[in-house]
>>> print(open('coords_23.txt').read())   # compact mmCIF, C-alpha atoms
# COMPACT_ATOMS: atom_id res chain seq x y z
CA MET A 27 -139.83 -71.80 -10.32
CA TYR A 28 -140.03 -71.16 -14.09
CA ARG A 29 -143.80 -70.62 -13.88
CA ASN A 30 -143.17 -67.91 -11.27
CA PHE A 31 -140.77 -66.21 -13.72
CA MET A 32 -143.53 -65.94 -16.31
CA THR A 33 -146.04 -64.71 -13.74
CA GLU A 34 -143.67 -62.07 -12.39
CA THR A 35 -142.68 -60.70 -15.78
CA ASN A 36 -146.27 -60.61 -17.05
CA ILE A 37 -147.62 -58.81 -14.00
CA ARG A 38 -147.42 -55.35 -15.61
CA ARG A 39 -149.55 -56.09 -18.68
CA ALA A 40 -151.12 -52.96 -20.16
CA ALA A 41 -152.56 -51.82 -23.46
CA ILE A 42 -149.93 -50.58 -25.90
CA PRO A 43 -152.15 -49.05 -28.59
CA LYS A 44 -149.46 -47.58 -30.81
CA MET A 45 -147.61 -50.84 -31.05
CA VAL A 46 -150.59 -53.10 -31.51
CA LYS A 47 -152.20 -51.00 -34.23
CA ASN A 48 -149.13 -51.52 -36.40
CA ALA A 49 -149.38 -55.28 -35.91
CA GLU A 50 -153.01 -55.62 -36.96
CA LEU A 51 -153.67 -57.98 -39.86
CA SER A 52 -155.04 -56.72 -43.17
CA HIS A 53 -157.22 -58.55 -45.68
CA GLY A 54 -154.54 -59.32 -48.28
CA LEU A 55 -152.21 -62.29 -48.71
CA LEU A 56 -151.22 -63.85 -45.37
CA GLY A 57 -152.94 -60.96 -43.60
CA THR A 58 -150.82 -58.26 -45.28
CA THR A 59 -151.86 -55.49 -47.66
CA LEU A 60 -150.32 -57.33 -50.65
CA GLN A 61 -152.90 -58.55 -53.17
CA TRP A 62 -152.69 -61.03 -56.04
CA GLU A 63 -152.82 -58.06 -58.42
CA ASP A 64 -149.61 -56.76 -56.85
CA VAL A 65 -147.88 -60.13 -57.25
CA GLU A 66 -148.94 -60.26 -60.90
CA GLU A 67 -147.61 -56.76 -61.54
CA ILE A 68 -144.26 -57.46 -59.86
CA ALA A 69 -143.87 -60.79 -61.68
CA ARG A 70 -144.63 -59.14 -65.02
CA GLU A 71 -142.13 -56.31 -64.36
CA CYS A 72 -139.37 -58.83 -63.64
CA ALA A 73 -140.26 -61.09 -66.57
CA LYS A 74 -139.82 -58.05 -68.88
CA LYS A 75 -140.65 -59.51 -72.30
CA TYR A 76 -143.72 -61.36 -70.96
CA ILE A 77 -145.94 -58.28 -71.09
CA ASN A 78 -149.11 -60.40 -71.13
CA LEU A 79 -148.20 -62.54 -68.13
CA LYS A 80 -151.19 -62.89 -65.82
CA ILE A 81 -152.36 -64.89 -62.83
CA GLY A 82 -155.32 -67.09 -63.72
CA ASP A 83 -158.36 -67.93 -61.65
CA GLU A 84 -156.65 -70.83 -59.85
CA LYS A 85 -154.44 -69.40 -57.13
CA SER A 86 -153.83 -70.01 -53.43
CA ILE A 87 -151.39 -69.24 -50.65
CA LYS A 88 -150.89 -70.85 -47.26
CA PRO A 89 -148.38 -70.14 -44.50
CA LEU A 90 -145.04 -71.90 -44.81
CA ALA A 91 -144.27 -73.48 -41.44
CA GLU A 92 -145.57 -70.86 -39.01
CA GLY A 93 -145.52 -68.31 -41.81
CA VAL A 94 -143.54 -65.94 -39.63
CA GLY A 95 -140.24 -64.13 -40.16
CA LEU A 96 -139.08 -61.05 -38.30
CA GLN A 97 -139.45 -58.70 -41.25
CA SER A 98 -141.65 -60.81 -43.51
CA LEU A 99 -144.39 -63.39 -43.78
CA LEU A 100 -143.64 -66.52 -45.77
CA GLY A 101 -146.14 -68.60 -47.70
CA ILE A 102 -146.45 -71.40 -50.25
CA ALA A 103 -148.06 -69.92 -53.35
CA GLU A 104 -149.69 -71.98 -56.10
CA VAL A 105 -150.54 -69.99 -59.20
CA ASP A 106 -152.02 -70.75 -62.60
CA TRP A 107 -149.93 -68.44 -64.82
CA THR A 108 -151.27 -67.48 -68.23
CA VAL A 109 -149.25 -66.12 -71.18
CA GLU A 110 -149.73 -65.48 -74.88
CA SER A 111 -150.19 -68.58 -76.99
CA GLY A 112 -146.86 -70.20 -77.78
CA GLU A 113 -144.95 -68.45 -75.00
CA LYS A 114 -143.22 -70.38 -72.24
CA VAL A 115 -144.34 -69.55 -68.70
CA PRO A 116 -141.28 -67.96 -67.00
CA TYR A 117 -142.12 -69.05 -63.44
CA PRO A 118 -143.12 -72.29 -61.70
CA THR A 119 -146.70 -72.74 -60.57
CA LYS A 120 -145.57 -73.44 -57.00
CA PHE A 121 -143.07 -71.25 -55.15
CA ALA A 122 -142.29 -69.62 -51.81
CA LEU A 123 -143.58 -66.05 -51.51
CA LYS A 124 -141.93 -63.79 -48.97
CA ILE A 125 -143.94 -60.66 -48.20
CA GLY A 126 -142.26 -57.68 -46.59
CA SER A 127 -144.35 -56.86 -43.53
CA PRO A 128 -143.81 -55.73 -39.92
CA VAL A 129 -146.80 -57.79 -38.71
CA ALA A 130 -144.86 -60.76 -37.38
CA LEU A 131 -142.13 -58.70 -35.73
CA LEU A 132 -144.51 -56.35 -34.00
CA GLN A 133 -146.68 -59.18 -32.76
CA ALA A 134 -143.58 -60.83 -31.34
CA LEU A 135 -142.51 -57.55 -29.75
CA GLU A 136 -145.97 -57.13 -28.29
CA ALA A 137 -145.21 -59.94 -25.86
CA GLN A 138 -142.24 -57.93 -24.61
CA ALA A 139 -144.08 -54.62 -24.78
CA THR A 140 -146.59 -55.69 -22.16
CA LYS A 141 -143.76 -55.60 -19.64
CA LEU A 142 -142.69 -52.07 -20.57
CA THR A 143 -144.02 -48.56 -20.26
CA PRO A 144 -146.18 -47.46 -23.20
CA LYS A 145 -143.60 -44.86 -24.30
CA ILE A 146 -140.72 -47.34 -24.44
CA ALA A 147 -142.89 -49.89 -26.24
CA ALA A 148 -143.94 -47.28 -28.80
CA ASP A 149 -140.29 -46.24 -29.33
CA ILE A 150 -139.31 -49.85 -29.97
CA SER A 151 -142.22 -50.23 -32.37
CA ASP A 152 -141.19 -47.18 -34.38
CA GLU A 153 -137.55 -48.26 -34.57
CA PHE A 154 -138.38 -51.74 -35.81
CA ILE A 155 -140.82 -50.52 -38.43
CA LYS A 156 -137.95 -48.43 -39.87
CA PHE A 157 -135.95 -51.66 -40.01
CA LEU A 158 -138.34 -53.27 -42.53
CA PRO A 159 -137.35 -51.66 -45.88
CA PRO A 160 -133.56 -52.16 -45.60
CA CYS A 161 -134.05 -55.78 -44.51
CA HIS A 162 -136.41 -56.61 -47.37
CA ASN A 163 -134.34 -54.66 -49.89
CA SER A 164 -131.13 -56.37 -48.77
CA GLU A 165 -132.49 -59.69 -49.95
CA ILE A 166 -133.42 -58.17 -53.34
CA PHE A 167 -129.89 -56.69 -53.55
CA PHE A 168 -128.39 -60.09 -52.76
CA TYR A 169 -130.37 -62.08 -55.31
CA ASN A 170 -129.96 -59.50 -58.06
CA TYR A 171 -126.19 -59.78 -57.71
CA ILE A 172 -126.25 -63.57 -57.60
CA GLN A 173 -128.35 -63.62 -60.78
CA SER A 174 -125.74 -61.48 -62.53
CA GLN A 175 -123.05 -64.12 -61.97
CA PRO A 176 -122.18 -66.61 -64.72
CA ARG A 177 -122.89 -69.72 -62.61
CA PRO A 178 -125.74 -70.36 -60.19
CA LEU A 179 -124.86 -71.47 -56.66
CA SER A 180 -126.55 -74.76 -55.76
CA ILE A 181 -126.56 -73.83 -52.07
CA LEU A 182 -129.07 -71.00 -52.70
CA PRO A 183 -132.77 -71.18 -53.59
CA LYS A 184 -133.59 -70.04 -57.11
CA TYR A 185 -134.83 -66.46 -57.30
CA TYR A 186 -137.83 -65.73 -59.52
CA PHE A 187 -138.97 -62.15 -58.98
CA GLY A 188 -139.24 -59.39 -56.39
CA ARG A 189 -139.67 -55.70 -55.74
CA GLU A 190 -138.06 -53.39 -53.22
CA ILE A 191 -140.05 -51.54 -50.55
CA GLN A 192 -139.83 -47.77 -50.85
CA ILE A 193 -140.87 -45.02 -48.45
CA LEU A 194 -143.28 -42.51 -50.01
CA PRO A 195 -141.92 -39.03 -49.11
CA GLU A 196 -145.31 -37.33 -49.16
CA THR A 197 -146.97 -39.71 -46.66
CA GLY A 198 -144.21 -41.76 -45.06
CA ASP A 199 -146.10 -44.93 -46.07
CA TYR A 200 -144.32 -47.98 -47.47
CA THR A 201 -144.88 -49.37 -50.95
CA LYS A 202 -145.69 -53.06 -51.29
CA GLY A 203 -142.89 -55.54 -51.83
CA CYS A 204 -142.42 -59.28 -52.07
CA ILE A 205 -139.88 -61.89 -53.12
CA ALA A 206 -140.64 -65.14 -54.97
CA ILE A 207 -138.07 -67.91 -54.58
CA GLU A 208 -137.79 -71.64 -55.06
CA LEU A 209 -139.86 -73.77 -52.70
CA VAL A 210 -137.21 -76.14 -51.38
CA GLU A 211 -138.84 -79.42 -50.39
CA ASN A 212 -137.67 -82.54 -48.51
CA VAL A 213 -135.42 -80.47 -46.26
CA LYS A 214 -135.48 -79.39 -42.64
CA THR A 215 -134.01 -76.76 -40.37
CA LEU A 216 -132.93 -77.56 -36.84
CA SER A 217 -134.55 -76.04 -33.78
CA PRO A 218 -132.61 -73.32 -31.91
CA LEU A 219 -132.60 -75.82 -29.04
CA GLU A 220 -130.57 -78.33 -31.08
CA ASN A 221 -126.83 -78.22 -31.73
CA PHE A 222 -124.86 -79.01 -34.88
CA SER A 223 -122.66 -82.05 -35.16
CA ASP A 224 -119.01 -81.55 -36.06
CA SER A 225 -119.75 -82.62 -39.64
CA GLN A 226 -122.61 -80.15 -39.93
CA MET A 227 -120.53 -77.24 -38.65
CA ILE A 228 -117.73 -78.00 -41.11
CA GLN A 229 -120.26 -78.05 -43.96
CA VAL A 230 -121.56 -74.66 -42.84
CA LEU A 231 -118.03 -73.23 -42.80
CA GLU A 232 -117.32 -74.57 -46.28
CA ASN A 233 -120.50 -73.20 -47.81
CA LEU A 234 -120.15 -69.84 -46.10
CA ALA A 235 -116.65 -69.48 -47.59
CA LYS A 236 -117.95 -70.55 -51.00
CA LEU A 237 -120.66 -67.87 -50.90
CA GLN A 238 -118.32 -65.14 -49.73
CA VAL A 239 -115.90 -65.79 -52.59
CA GLU A 240 -118.72 -64.98 -55.03
CA PHE A 241 -118.82 -61.42 -53.67
CA ILE A 242 -115.09 -60.74 -53.18
CA ASP A 243 -114.68 -58.94 -56.49
CA MET A 244 -117.86 -56.89 -56.23
CA ASP A 245 -117.08 -53.31 -57.23
CA GLU A 246 -116.85 -50.84 -54.34
CA ASN A 247 -119.52 -48.64 -55.90
CA GLU A 248 -121.87 -51.63 -56.00
CA ARG A 249 -121.11 -52.44 -52.38
CA LYS A 250 -122.16 -48.93 -51.44
CA LYS A 251 -125.64 -49.72 -52.78
CA ALA A 252 -126.20 -52.38 -50.10
CA PRO A 253 -129.11 -51.23 -47.86
CA HIS A 254 -127.18 -52.10 -44.67
CA GLN A 255 -123.86 -50.26 -44.67
CA GLY A 256 -121.64 -52.26 -42.35
CA LEU A 257 -122.39 -53.65 -38.91
CA TYR A 258 -123.36 -50.21 -37.66
CA GLY A 259 -125.80 -49.72 -40.53
CA LEU A 260 -127.40 -53.07 -39.76
CA TYR A 261 -127.70 -52.60 -36.01
CA GLN A 262 -128.41 -48.90 -35.65
CA THR A 263 -131.90 -49.93 -34.50
CA PHE A 264 -130.39 -52.04 -31.70
CA ARG A 265 -128.99 -49.17 -29.67
CA ASP A 266 -127.44 -49.88 -26.30
CA TRP A 267 -130.53 -48.71 -24.41
CA PHE A 268 -132.43 -51.51 -26.14
CA LEU A 269 -129.76 -54.08 -25.23
CA GLN A 270 -129.85 -52.87 -21.62
CA LEU A 271 -133.63 -53.12 -21.65
CA ASN A 272 -133.46 -56.69 -22.91
CA ASN A 273 -130.82 -57.45 -20.29
CA THR A 274 -133.24 -56.23 -17.61
CA LEU A 275 -135.84 -58.70 -18.88
CA MET A 276 -133.30 -61.51 -18.80
CA ALA A 277 -132.37 -60.56 -15.24
CA HIS A 278 -135.88 -61.57 -14.12
CA PHE A 279 -135.09 -65.21 -14.82
CA PRO A 280 -134.94 -67.05 -11.49
CA ASP A 281 -131.33 -68.18 -11.65
CA GLU A 282 -128.77 -66.64 -9.32
CA GLU A 283 -125.85 -67.07 -11.72
CA MET A 284 -127.86 -65.51 -14.56
CA GLN A 285 -128.73 -62.53 -12.38
CA LYS A 286 -125.05 -61.96 -11.56
CA LEU A 287 -124.12 -62.21 -15.24
CA THR A 288 -126.78 -59.72 -16.33
CA GLU A 289 -125.60 -57.33 -13.62
CA LYS A 290 -122.02 -57.55 -14.89
CA PHE A 291 -123.15 -57.25 -18.51
CA ALA A 292 -124.99 -54.02 -17.69
CA LYS A 293 -121.74 -52.53 -16.35
CA THR A 294 -119.68 -53.88 -19.28
CA LEU A 295 -121.83 -52.73 -22.21
CA PRO A 296 -120.98 -48.98 -22.05
CA ASP A 297 -117.27 -49.77 -22.47
CA MET A 298 -117.71 -52.46 -25.13
CA ILE A 299 -116.32 -51.96 -28.65
CA CYS A 300 -118.97 -50.36 -30.86
CA ALA A 301 -120.26 -51.44 -34.26
CA ASP A 302 -118.83 -48.39 -36.04
CA GLN A 303 -115.42 -49.13 -34.52
CA LEU A 304 -115.61 -52.70 -35.82
CA ASP A 305 -116.51 -51.36 -39.27
CA ARG A 306 -113.20 -49.48 -39.32
CA ILE A 307 -111.08 -52.48 -38.30
CA PRO A 308 -110.57 -53.94 -41.83
CA ASN A 309 -108.97 -50.70 -43.02
CA LYS A 310 -106.79 -50.54 -39.91
CA LEU A 311 -105.55 -54.10 -40.36
CA GLY A 312 -105.32 -54.06 -44.17
CA MET A 313 -108.15 -56.57 -44.62
CA LYS A 314 -110.78 -56.61 -47.34
CA LYS A 315 -114.40 -56.68 -46.19
CA VAL A 316 -116.40 -59.75 -47.17
CA LEU A 317 -120.08 -60.52 -47.50
CA VAL A 318 -121.55 -61.18 -44.05
CA HIS A 319 -124.81 -63.14 -43.87
CA GLY A 320 -125.66 -61.40 -40.62
CA ASP A 321 -128.16 -64.01 -39.35
CA LEU A 322 -126.23 -67.24 -39.65
CA TRP A 323 -127.91 -69.74 -37.34
CA SER A 324 -129.95 -72.95 -37.44
CA ALA A 325 -133.21 -71.39 -38.69
CA ASN A 326 -131.52 -70.26 -41.92
CA ILE A 327 -129.66 -73.46 -42.80
CA MET A 328 -131.47 -76.33 -44.54
CA TRP A 329 -130.46 -80.00 -44.30
CA ASP A 330 -131.61 -83.24 -45.85
CA GLU A 331 -132.56 -86.21 -43.70
CA GLU A 332 -128.98 -87.54 -43.77
CA GLY A 333 -127.56 -84.31 -42.35
CA ASN A 334 -126.17 -82.98 -45.63
CA PHE A 335 -126.15 -79.20 -46.15
CA LYS A 336 -128.72 -78.23 -48.81
CA LYS A 337 -129.53 -74.50 -48.76
CA LEU A 338 -128.66 -71.25 -47.05
CA ILE A 339 -131.61 -68.84 -46.82
CA ASP A 340 -132.75 -65.44 -45.51
CA PHE A 341 -130.46 -62.63 -46.64
CA GLN A 342 -132.23 -59.72 -44.97
CA MET A 343 -129.25 -58.85 -42.76
CA ILE A 344 -126.40 -59.06 -45.26
CA HIS A 345 -123.69 -56.42 -45.25
CA PHE A 346 -119.97 -56.14 -45.93
CA GLY A 347 -117.68 -56.45 -42.97
CA LEU A 348 -115.81 -58.97 -40.82
CA ALA A 349 -116.25 -62.69 -41.57
CA ALA A 350 -115.63 -63.34 -37.87
CA THR A 351 -119.03 -61.88 -36.96
CA ASP A 352 -120.86 -64.63 -38.88
CA LEU A 353 -118.66 -67.25 -37.25
CA ALA A 354 -119.30 -65.95 -33.75
CA ARG A 355 -123.05 -66.03 -34.35
CA VAL A 356 -123.19 -69.58 -35.69
CA PHE A 357 -120.81 -70.89 -33.00
CA ASN A 358 -122.90 -69.25 -30.27
CA THR A 359 -126.26 -70.52 -31.46
CA CYS A 360 -125.41 -73.95 -32.85
CA LEU A 361 -122.83 -75.30 -30.40
CA THR A 362 -122.77 -75.91 -26.68
CA PRO A 363 -120.42 -73.57 -24.79
CA GLU A 364 -118.10 -76.54 -24.19
CA ASP A 365 -117.93 -77.45 -27.89
CA ARG A 366 -117.47 -73.82 -28.84
CA HIS A 367 -114.49 -73.42 -26.50
CA LYS A 368 -112.93 -76.73 -27.49
CA ASN A 369 -113.28 -76.28 -31.25
CA LYS A 370 -113.04 -72.52 -31.83
CA GLU A 371 -109.44 -72.53 -33.09
CA ARG A 372 -109.98 -75.59 -35.28
CA TYR A 373 -113.15 -74.20 -36.81
CA LEU A 374 -111.54 -70.83 -37.55
CA GLU A 375 -108.65 -72.60 -39.23
CA THR A 376 -111.01 -74.90 -41.17
CA TYR A 377 -113.06 -71.96 -42.40
CA PHE A 378 -109.90 -70.15 -43.51
CA GLU A 379 -108.67 -73.23 -45.40
CA PHE A 380 -111.97 -73.32 -47.31
CA LEU A 381 -111.74 -69.60 -48.05
CA GLU A 382 -108.19 -70.01 -49.39
CA LYS A 383 -109.23 -73.02 -51.45
CA TYR A 384 -112.18 -71.32 -53.18
CA CYS A 385 -110.27 -68.08 -53.71
CA LYS A 386 -107.50 -70.05 -55.41
CA GLU A 387 -109.98 -71.94 -57.60
CA GLU A 388 -111.57 -68.65 -58.72
CA ASN A 389 -108.20 -66.88 -59.06
CA LYS A 390 -109.19 -64.29 -56.45
CA GLU A 391 -107.14 -62.67 -53.72
CA VAL A 392 -107.68 -63.99 -50.19
CA PRO A 393 -109.23 -61.03 -48.30
CA PHE A 394 -107.32 -61.52 -45.01
CA ASP A 395 -104.93 -63.91 -43.31
CA LEU A 396 -105.59 -66.42 -40.55
CA ASN A 397 -104.11 -64.24 -37.79
CA GLN A 398 -106.36 -61.36 -38.83
CA LEU A 399 -109.36 -63.69 -38.73
CA LYS A 400 -108.52 -64.85 -35.21
CA THR A 401 -107.83 -61.32 -34.00
CA THR A 402 -111.10 -59.96 -35.36
CA TYR A 403 -113.05 -62.89 -33.92
CA ASP A 404 -111.77 -62.08 -30.43
CA LEU A 405 -112.29 -58.37 -30.98
CA SER A 406 -115.83 -58.57 -32.39
CA TYR A 407 -117.19 -61.36 -30.19
CA PRO A 408 -118.55 -59.17 -27.33
CA ARG A 409 -120.50 -56.78 -29.57
CA VAL A 410 -121.97 -59.27 -32.06
CA SER A 411 -122.89 -61.62 -29.22
CA ALA A 412 -124.59 -58.78 -27.36
CA TYR A 413 -126.71 -58.17 -30.47
CA LEU A 414 -127.78 -61.82 -30.33
CA LEU A 415 -129.14 -61.67 -26.77
CA PRO A 416 -132.64 -60.26 -27.57
CA ALA A 417 -133.30 -63.26 -29.84
CA LEU A 418 -132.16 -65.62 -27.08
CA THR A 419 -134.49 -63.89 -24.61
CA ALA A 420 -137.43 -64.49 -26.95
CA ILE A 421 -136.50 -68.18 -27.33
CA LEU A 422 -136.12 -68.54 -23.58
CA GLU A 423 -139.62 -67.20 -23.03
CA LYS A 424 -141.02 -69.68 -25.56
CA VAL A 425 -139.24 -72.58 -23.86
CA THR A 426 -140.37 -71.41 -20.42
CA SER A 427 -144.01 -71.31 -21.55
CA MET A 428 -143.88 -74.82 -23.05
CA PRO A 429 -146.31 -77.39 -21.60
CA ASP A 430 -144.91 -79.24 -18.59
CA ILE A 431 -143.67 -82.32 -20.44
CA PRO A 432 -141.06 -84.62 -18.84
CA ALA A 433 -138.29 -83.37 -21.16
CA LYS A 434 -138.91 -79.69 -20.40
CA PRO A 435 -136.44 -79.33 -17.48
CA ILE A 436 -133.66 -80.89 -19.59
CA ILE A 437 -134.43 -78.71 -22.63
CA LEU A 438 -134.69 -75.57 -20.54
CA GLY A 439 -131.59 -76.36 -18.50
CA SER A 440 -129.52 -76.97 -21.64
CA PHE A 441 -130.64 -73.71 -23.25
CA ILE A 442 -130.00 -71.73 -20.05
CA GLN A 443 -126.46 -73.09 -19.97
CA LYS A 444 -125.96 -71.92 -23.56
CA VAL A 445 -127.21 -68.42 -22.74
CA LYS A 446 -125.09 -68.18 -19.60
CA GLY A 447 -122.07 -69.39 -21.55
CA ILE A 448 -122.55 -66.57 -24.07
CA TYR A 449 -122.93 -63.99 -21.29
CA GLN A 450 -119.75 -65.28 -19.63
CA ASP A 451 -117.78 -65.14 -22.87
CA ILE A 452 -119.02 -61.65 -23.76
CA ILE A 453 -117.57 -60.40 -20.49
CA GLU A 454 -114.37 -62.44 -20.77
CA TYR A 455 -113.65 -61.47 -24.40
CA HIS A 456 -114.31 -57.84 -23.54
CA GLU A 457 -111.94 -57.90 -20.58
CA ASN A 458 -109.21 -59.64 -22.63
CA HIS A 459 -109.74 -58.07 -26.05
CA PRO A 460 -106.75 -57.71 -28.36
CA GLU A 461 -105.24 -54.28 -28.85
CA VAL A 462 -105.62 -52.96 -32.39
>>> encode(input="coords_23.txt", output="structure tokens")
Amino acid sequence: MYRNFMTETNIRRAAIPKMVKNAELSHGLLGTTLQWEDVEEIARECAKKYINLKIGDEKSIKPLAEGVGLQSLLGIAEVDWTVESGEKVPYPTKFALKIGSPVALLQALEAQATKLTPKIAADISDEFIKFLPPCHNSEIFFYNYIQSQPRPLSILPKYYFGREIQILPETGDYTKGCIAIELVENVKTLSPLENFSDSQMIQVLENLAKLQVEFIDMDENERKKAPHQGLYGLYQTFRDWFLQLNNTLMAHFPDEEMQKLTEKFAKTLPDMICADQLDRIPNKLGMKKVLVHGDLWSANIMWDEEGNFKKLIDFQMIHFGLAATDLARVFNTCLTPEDRHKNKERYLETYFEFLEKYCKEENKEVPFDLNQLKTTYDLSYPRVSAYLLPALTAILEKVTSMPDIPAKPIILGSFIQKVKGIYQDIIEYHENHPEV
């Protein structure tokens, strides 16, 4: 049955030249246009007083894991730094190098594009290429602020150097950008097909609250410099026509219940609360906006072998808005629907207790109360969960195309139940949303 799904949805394969040409590899680092000379220049700019900092002859880079991120390529760099005699080298010889590039995203989208008309595929390509600079620059914005704080946060990788990506007005081309951060070793991330234990989820809630407290007192003028301005600023690429298009792809899955859910979702989406409306909710309710990670799920949370939280990574989608949107995303992706329903209230209350605790320790005002948190969770759930669906479609296709191992039906069945549970709750939360 699942093999027929892949055959049916791949039947309309066609060349999508505009999309593919943007995804072609170059001859620089990890197949991008970035060269070692660029890395040296950026590192020297950030080191400031080390004007003679150079990269020696011994240097290498290899992909980290699959080396793929949606708006970047990630590699392990090993560099022989050279400085003036007597100077201390400001950076480690081994670090993670994150290169801003649309290559990975466009290659991933290419799999979807073969099922679409060339015009739609090209439109998607153009929209996602525009998404690159603000995503890359958001991470630079995040780390620059963290570095300005008096105490480092142990839950974050160390930041070494980086440069924003700019758009050249005369050509429309992008400048080169990268980010060098600590290479965190002896850790793991969980697969999107795995779920968090209760202990792991509570650790995530505690560390999310701890991070958000760091940003509570950020000046409003500084907040306005964030590349993504609110939920709407982050998701303006993901317009409803794109969500409907993704929903059409999901509707091809050979499951009668799924097909009914996608049909109902298509009718629900036009009436769903919008991102710009959610951005106005804090002012309406007298809440203060907090830092939102924006992509809080298993791939961006690192654990040690004993299941202890080690690092939170990937800050390309940060913005200031409703804390509830991060919570909805991590509950959706890292819990079964049953555990999410059973524990939602307890987890919201646990998160709020941590937020109160760390605000009190830092002598900062709590940005909202528990009732406001619960109200905004219920209110925002349909929209932020709808934004998650394209990622779930991509994961579903990967699972479907797995080799036919004995465990495949169990893995696939479990993931399908998670996706259907999210669809069901999107519709239910929309139909029963609180009045604000």
>>> residues_around(input="coords_23.txt", residues="Asp352 in chain A", least_positions_apart="6", cutoff="9 Å", atoms="only C-alpha atoms", output="list in words")
Leu234, Val318, His319, Gly320, Asp321, Leu322, Trp323 and Val410 of chain A
>>> closest_residue(input="coords_23.txt", among="A:Leu269, A:Leu123, A:Leu396, A:Cys204", to="Thr419 in chain A", atoms="all atoms listed in the file")
A:Leu269
>>> residues_near_point(input="coords_23.txt", point="(-143.9, -72.5, -55.6)", cutoff="6 Å", atoms="all atoms listed in the file", output="PyMOL selection string")
chain A and resi 103-104+119-122+209
>>> residues_around(input="coords_23.txt", residues="range 154-162 of chain A", least_positions_apart="4", cutoff="8 Å", atoms="only C-alpha atoms", output="PyMOL selection string")
chain A and resi 97-98+126-128+131-132+150+166+190-193+203+253-254+263+342-343
>>> closest_residue(input="coords_23.txt", among="A:Lys202, A:Lys74, A:His367, A:His345", to="Gly54 in chain A", atoms="all atoms listed in the file")
A:Lys202
>>> residues_near_point(input="coords_23.txt", point="(-127.1, -50.6, -33.8)", cutoff="12 Å", atoms="all atoms listed in the file", output="JSON, numbers by chain")
{"A": [153, 154, 157, 254, 255, 256, 257, 258, 259, 260, 261, 262, 263, 264, 265, 266, 267, 268, 269, 300, 301, 302, 303, 304, 305, 409, 410, 412, 413, 414]}
>>> closest_residue(input="coords_23.txt", among="A:Lys337, A:Lys390, A:Lys383, A:Lys184", to="Thr215 in chain A", atoms="all atoms listed in the file")
A:Lys337
>>> atom_distance(input="coords_23.txt", atom1="CA of Ile327 in chain A", atom2="CA of Val230 in chain A")
8.2 Å
